[in-house]
Amino acid sequence: MMNLEIVRENEEIDSDRVGFDLSAPSGRPLHDCFDSFRSVNIIALVINEYHLLEYLYGLQFIRTIEGILKESLQTAIAPINDKTKSVLDILTMVNGEYLILFPNPPEKAVNLPDEAYALKTGIQNEINKKAIQLTGQKIELGAGYAVVINCDDRQKRKRSYLKALNDARCLGRRNLDINELKVAHQFREILDTGQIRAHYQPIFDMVSGRIMGWEALSRGPEGTSFHSPLMLFDLAEQLGLIFALEKVCREKAISRLGRISHEEKLFLNIHPRTVVDPSFSPGKTLELITRVGLTPENVVFEITERHSIKDFALFHQTIDHYRSQGFKVALDDMGTGYSGLSNIAELRPDFIKIDMSLVRGIDRNPTKRALLETFITFADKIGSKIIAEGIETKAEASSLIDIGTHFGQGFYLGTPQYPKSELNFNMEEIRLINMESLGRLTCSVPIGQLTEIAEPIEQTAPVRSAQIAFEKDRTRASIVVAAQGKPLGLIMDYHLGRKLSGLYGVPLYYNRPISLIMDPNPLIVDKVTPLEQVAKMAMSRDKLKTYDDIIVTQNELLHGIVSVQKILDHLAKVNIEMAKGTNPLSGLPGNVAIERELENRLKQDQPFALIYADLDNFKVYNDTYGFKKGDQIILLTAKILDWAGKRHGHRDDFLAHIGGDDFVLITSPDSAERICLGIVRLFKRLSSGCYNASDQERGWIRAKGRDGQYREFPLVSISLAIVDCCGKCTLVDIGERSAEVKKYAKSKPGNCFVRDRRAPLGTKETATSGVNKAGLEALKNL
């Protein structure tokens, strides 16, 4: 980039004092770079009221806007570069002025006024996404242009460049007369011929996943700049044709919609000034919707909050009139524009649409989450419903469901289409697990398995280094502050933004050590900590820190980082699997399926044997070798049980995983002992491979017991209890009998199985209320 000194407007250009540094990046004089071309085009972009913006909103705001402008400019000039094959680097001037120079291609001249306008419009829209978010106000760009005719005389050519650069800047300050542009004539032709197409984006109920309505989105002809709705409506507003454009868009949207039910809605975008325009009459809209079989109750007028409303009294009076005919009202872009909560309360919209700037990243920004929760409460109190716009990720959708958002739309849920999509969305797949279900989950996965690599920064690093890191990677939500590999604190992106966005944030913190603004007490856990335990710890933090990332360590050194969203997503999958009756680790049927199987067998009144399998000394093994190895030995047990059942049992045998290291196998009474013998022999042979060589050789491990004392523990073994059932009994009877026999089996050393020699459950000899003294004696003699 080149920094150029300004030649003031109307200032005489003196050949002995050059106002611009006319040097290209290569060092070659600027006026010599294009000397082989007959003419060179210049486009100037000017940030209007630059000094006023700096005074009102501060230097950091100006830097942010200029950063977006430069980035957008680089992207926007690519099409120009394709046409001309040569664009000089963007010339950056002081006070928010930018110049682009490129030669006229010999084969086809560039329509310079239209190029300047298109460039200005596209970049202005990008800037205003941020400007409205930060200030609620739009920023206007000016655009100017000029042409340099080359000549052989080098000094004359130099003066021509100086004058053209100054002319382009001056025109940019005064702005273009768009009525004289070719693009204005093209727009009027599109309007007159009705070359507008309607697409429909679905709006979903965030509880049921059903489509409650569609927003009609208008597009101009494909292959033209008017295909973008931003270009289409921005030009219409500047030409004073917004009402005419909206009329065409409404007619297209209604006529192309197709059939919808009485409960479904069509959302039509309307400028607030259109509502009070004398030419606007809902009578014509009513006539059109009646013709296609719709009613006023199907139609929602969506009014954007980005535009100011001059006469609120007239506006509210007009809206009430339309409401009386049955039309609904939605307020668009809530939180980004002019209207305050008091005006919304007076308007009482049926729907309030939350702008995507508040939805973006809500899964990791507690401030946005708290704000939206407040909006939902506010909407409920005034009888409105919230629609969250711009949902683009599963994490955002999950968070919105979790906080009770009524409706949602966005590319993650459904894109604008024609014909309209009528497919519902399965919200159960993305629903967050709630706090009550955390206590019921059994998930032995250690947090280390979900950890992502974290690149820490030193505590003495300046705050600006963290901001640069976040700007380079927009997906990054946090940075760990560490010293010699040991984590000391955490910086969240939203927290840094809040610190720097204050009036004195940048001068106060920008070059100070990061330790001044880091969170010195983040949640830090060891990588072997169970997932559900970490989730409970995270959700019990201070509300503003609930969704901050979690630091994971190994031997007190940084191992990585994990987001709360990732933890909840994983636990949600576990929850879904458990709801299906499947254990998430082994994939075997779980408790629900066990109860169902036992009830079916009892109804058939046929004898069966239940084998209860449990591992001995598993906790000691799990604590010593880690959760990953613990999961492996559980999976080994499941495979051994499955193999033995298929080898020695029957086709209708049933194997299930109760949870942890407990399993159940239901088979015929005559097969039970053969199956158990096969399990014991195979487990004894294969389980030794789960230990290191020294532990295998010793036949025991030294570890800490439940009492906190270290002692010697035998290797993991399996205990099997066989309980026979015949006739009518209850699930409680089976559970109590199985627990007794299992307890006795576990009292025996090593791998073993025992069979209850008492009368089978359900016979006349057994009492369903418990176990008698004689039965206990029989159990002891097994």
# chains A, B, ... in the order shown; residues from 1 in each chain; ligands from 1
>>> residues_around(residues="region 705-711 of chain A", least_positions_apart="4", cutoff="12 Å", atoms="only C-alpha atoms", output="number ranges by chain")
A: 617-624, 700-701
>>> select_by_dssp(residues="region 119-263 of chain A", states="helix (DSSP H, G or I)", output="ChimeraX atom specification")
/A:119-135,154-174,178-180,182-193,225-227,229-239,242-256
>>> residues_around(residues="region 507-515 of chain A", least_positions_apart="6", cutoff="7 Å", atoms="only C-alpha atoms", output="list in words")
Gln459, Thr460, Ala461, Pro462, Val463 and Arg464 of chain A
>>> write_last_selection(atoms="all heavy atoms", output="PDB file, in the first residue's frame")
ATOM      1  N   GLN A 459       2.378 -14.664  29.489  1.00  0.00           N
ATOM      2  CA  GLN A 459       1.649 -13.665  30.273  1.00  0.00           C
ATOM      3  C   GLN A 459       2.172 -12.248  30.056  1.00  0.00           C
ATOM      4  O   GLN A 459       1.471 -11.271  30.312  1.00  0.00           O
ATOM      5  CB  GLN A 459       1.732 -14.017  31.757  1.00  0.00           C
ATOM      6  CG  GLN A 459       3.148 -14.102  32.295  1.00  0.00           C
ATOM      7  CD  GLN A 459       3.183 -14.444  33.770  1.00  0.00           C
ATOM      8  OE1 GLN A 459       2.269 -14.088  34.508  1.00  0.00           O
ATOM      9  NE2 GLN A 459       4.226 -15.128  34.203  1.00  0.00           N
ATOM     10  N   THR A 460       3.417 -12.135  29.555  1.00  0.00           N
ATOM     11  CA  THR A 460       3.986 -10.802  29.310  1.00  0.00           C
ATOM     12  C   THR A 460       3.666 -10.269  27.911  1.00  0.00           C
ATOM     13  O   THR A 460       3.987  -9.122  27.605  1.00  0.00           O
ATOM     14  CB  THR A 460       5.511 -10.851  29.473  1.00  0.00           C
ATOM     15  OG1 THR A 460       6.040 -11.870  28.609  1.00  0.00           O
ATOM     16  CG2 THR A 460       5.892 -11.183  30.911  1.00  0.00           C
ATOM     17  N   ALA A 461       3.034 -11.094  27.066  1.00  0.00           N
ATOM     18  CA  ALA A 461       2.695 -10.655  25.704  1.00  0.00           C
ATOM     19  C   ALA A 461       1.703  -9.500  25.763  1.00  0.00           C
ATOM     20  O   ALA A 461       0.836  -9.457  26.642  1.00  0.00           O
ATOM     21  CB  ALA A 461       2.114 -11.809  24.904  1.00  0.00           C
ATOM     22  N   PRO A 462       1.799  -8.523  24.831  1.00  0.00           N
ATOM     23  CA  PRO A 462       0.854  -7.400  24.853  1.00  0.00           C
ATOM     24  C   PRO A 462      -0.547  -7.829  24.424  1.00  0.00           C
ATOM     25  O   PRO A 462      -0.714  -8.806  23.698  1.00  0.00           O
ATOM     26  CB  PRO A 462       1.465  -6.417  23.845  1.00  0.00           C
ATOM     27  CG  PRO A 462       2.273  -7.270  22.922  1.00  0.00           C
ATOM     28  CD  PRO A 462       2.806  -8.396  23.760  1.00  0.00           C
ATOM     29  N   VAL A 463      -1.529  -7.068  24.873  1.00  0.00           N
ATOM     30  CA  VAL A 463      -2.929  -7.359  24.550  1.00  0.00           C
ATOM     31  C   VAL A 463      -3.147  -7.389  23.042  1.00  0.00           C
ATOM     32  O   VAL A 463      -3.934  -8.182  22.531  1.00  0.00           O
ATOM     33  CB  VAL A 463      -3.848  -6.312  25.212  1.00  0.00           C
ATOM     34  CG1 VAL A 463      -5.282  -6.451  24.712  1.00  0.00           C
ATOM     35  CG2 VAL A 463      -3.802  -6.459  26.726  1.00  0.00           C
ATOM     36  N   ARG A 464      -2.411  -6.533  22.311  1.00  0.00           N
ATOM     37  CA  ARG A 464      -2.614  -6.465  20.859  1.00  0.00           C
ATOM     38  C   ARG A 464      -2.316  -7.806  20.186  1.00  0.00           C
ATOM     39  O   ARG A 464      -2.900  -8.135  19.145  1.00  0.00           O
ATOM     40  CB  ARG A 464      -1.750  -5.360  20.252  1.00  0.00           C
ATOM     41  CG  ARG A 464      -0.260  -5.606  20.285  1.00  0.00           C
ATOM     42  CD  ARG A 464       0.505  -4.541  19.494  1.00  0.00           C
ATOM     43  NE  ARG A 464       1.934  -4.794  19.498  1.00  0.00           N
ATOM     44  CZ  ARG A 464       2.771  -4.413  20.446  1.00  0.00           C
ATOM     45  NH1 ARG A 464       2.317  -3.717  21.483  1.00  0.00           N
ATOM     46  NH2 ARG A 464       4.058  -4.708  20.377  1.00  0.00           N
TER      47      ARG A 464
END
>>> residues_around(residues="Ile354 (chain A)", least_positions_apart="5", cutoff="6 Å", atoms="only C-alpha atoms", output="short mmCIF file (atom, residue, chain, number, x, y, z; two decimals) with all heavy atoms, in the first residue's frame")
data_model
loop_
_atom_site.label_atom_id
_atom_site.label_comp_id
_atom_site.auth_asym_id
_atom_site.auth_seq_id
_atom_site.Cartn_x
_atom_site.Cartn_y
_atom_site.Cartn_z
N ASP A 333 -34.71 -7.25 12.10
CA ASP A 333 -33.39 -6.71 12.49
C ASP A 333 -33.40 -6.10 13.88
O ASP A 333 -32.76 -5.07 14.13
CB ASP A 333 -32.91 -5.66 11.48
CG ASP A 333 -32.81 -6.22 10.08
OD1 ASP A 333 -32.35 -7.36 9.94
OD2 ASP A 333 -33.21 -5.53 9.12
N MET A 334 -34.11 -6.72 14.80
CA MET A 334 -34.15 -6.22 16.18
C MET A 334 -32.74 -6.16 16.75
O MET A 334 -31.96 -7.09 16.63
CB MET A 334 -35.01 -7.16 17.02
CG MET A 334 -34.95 -6.91 18.50
SD MET A 334 -35.73 -5.36 18.96
CE MET A 334 -35.61 -5.44 20.73
N ALA A 388 -35.21 -16.04 15.50
CA ALA A 388 -33.75 -15.82 15.39
C ALA A 388 -33.33 -16.01 13.94
O ALA A 388 -33.56 -17.07 13.36
CB ALA A 388 -32.99 -16.78 16.29
N GLU A 389 -32.71 -14.98 13.36
CA GLU A 389 -32.28 -15.03 11.96
C GLU A 389 -30.80 -15.41 11.85
O GLU A 389 -30.02 -15.23 12.79
CB GLU A 389 -32.48 -13.66 11.30
CG GLU A 389 -33.92 -13.25 11.12
CD GLU A 389 -34.04 -11.97 10.32
OE1 GLU A 389 -33.60 -10.91 10.80
OE2 GLU A 389 -34.56 -12.04 9.20
#
>>> residues_around(residues="Ala370 (chain A)", least_positions_apart="6", cutoff="12 Å", atoms="only C-alpha atoms", output="PyMOL selection string")
chain A and resi 358-359+362-364+376-377+399-400+403-404+543-547
>>> closest_residue(among="A:Gln186, A:Asn166, A:Thr224, A:Gln201", to="Leu423 (chain A)", atoms="only C-alpha atoms")
A:Gln201
>>> closest_residue(among="A:Leu59, A:Cys729, A:Val552, A:Ala483", to="Gln606 (chain A)", atoms="only C-alpha atoms")
A:Cys729
>>> residues_around(residues="Gly361 (chain A)", least_positions_apart="4", cutoff="9 Å", atoms="only C-alpha atoms", output="PyMOL selection string")
chain A and resi 357+365+368+393+395-396
>>> write_last_selection(atoms="N, CA and C atoms", output="compact mmCIF listing (two decimals), in the first residue's frame")
# COMPACT_ATOMS: atom_id res chain seq x y z
N SER A 357 -26.47 -10.66 13.70
CA SER A 357 -25.29 -10.21 14.44
C SER A 357 -25.38 -10.62 15.91
N ASN A 365 -20.80 -17.02 23.50
CA ASN A 365 -20.81 -15.64 23.98
C ASN A 365 -21.93 -15.46 25.00
N LYS A 368 -24.28 -12.26 24.61
CA LYS A 368 -25.34 -12.38 23.60
C LYS A 368 -26.45 -13.30 24.10
N THR A 393 -24.90 -22.50 12.18
CA THR A 393 -24.19 -23.67 12.71
C THR A 393 -25.10 -24.46 13.64
N ALA A 395 -24.19 -25.54 16.53
CA ALA A 395 -23.97 -25.02 17.88
C ALA A 395 -24.90 -23.85 18.17
N GLU A 396 -25.06 -22.95 17.19
CA GLU A 396 -25.97 -21.81 17.38
C GLU A 396 -27.41 -22.29 17.54
>>> residues_around(residues="region 667-669 of chain A", least_positions_apart="2", cutoff="6 Å", atoms="only C-alpha atoms", output="mmCIF file with C-alpha atoms, in the first residue's frame")
data_model
loop_
_atom_site.group_PDB
_atom_site.id
_atom_site.type_symbol
_atom_site.label_atom_id
_atom_site.label_comp_id
_atom_site.auth_asym_id
_atom_site.auth_seq_id
_atom_site.Cartn_x
_atom_site.Cartn_y
_atom_site.Cartn_z
ATOM 1 C CA PHE A 608 -35.107 -69.044 31.185
ATOM 2 C CA ALA A 609 -31.785 -68.350 32.867
ATOM 3 C CA ASP A 653 -30.509 -65.407 23.406
ATOM 4 C CA SER A 671 -27.138 -73.542 28.030
ATOM 5 C CA ALA A 672 -26.261 -71.238 30.919
#
>>> closest_residue(among="A:Ala538, A:Val754, A:Val481, A:Ile453", to="Val564 (chain A)", atoms="only C-alpha atoms")
A:Ala538
>>> select_by_dssp(residues="region 37-249 of chain A", states="strand (DSSP E or B)", output="ChimeraX atom specification")
/A:39-47,91-93,97-103,141-149,197-205,211-219
>>> closest_residue(among="A:Ile666, A:Asp605, A:Lys764, A:Tyr612", to="Glu736 (chain A)", atoms="only C-alpha atoms")
A:Tyr612
>>> atom_distance(atom1="CA of Asp756 (chain A)", atom2="CA of Arg737 (chain A)")
8.7 Å
>>> atom_distance(atom1="CA of Gly448 (chain A)", atom2="CA of Lys394 (chain A)")
22.5 Å
>>> closest_residue(among="A:Ile430, A:Ala345, A:Val741, A:Ile401", to="Phe378 (chain A)", atoms="only C-alpha atoms")
A:Ala345
>>> atom_distance(atom1="CA of Gly678 (chain A)", atom2="CA of Ala721 (chain A)")
14.0 Å
>>> closest_residue(among="A:Glu140, A:Glu126, A:Glu673, A:Asp402", to="Tyr50 (chain A)", atoms="only C-alpha atoms")
A:Glu140
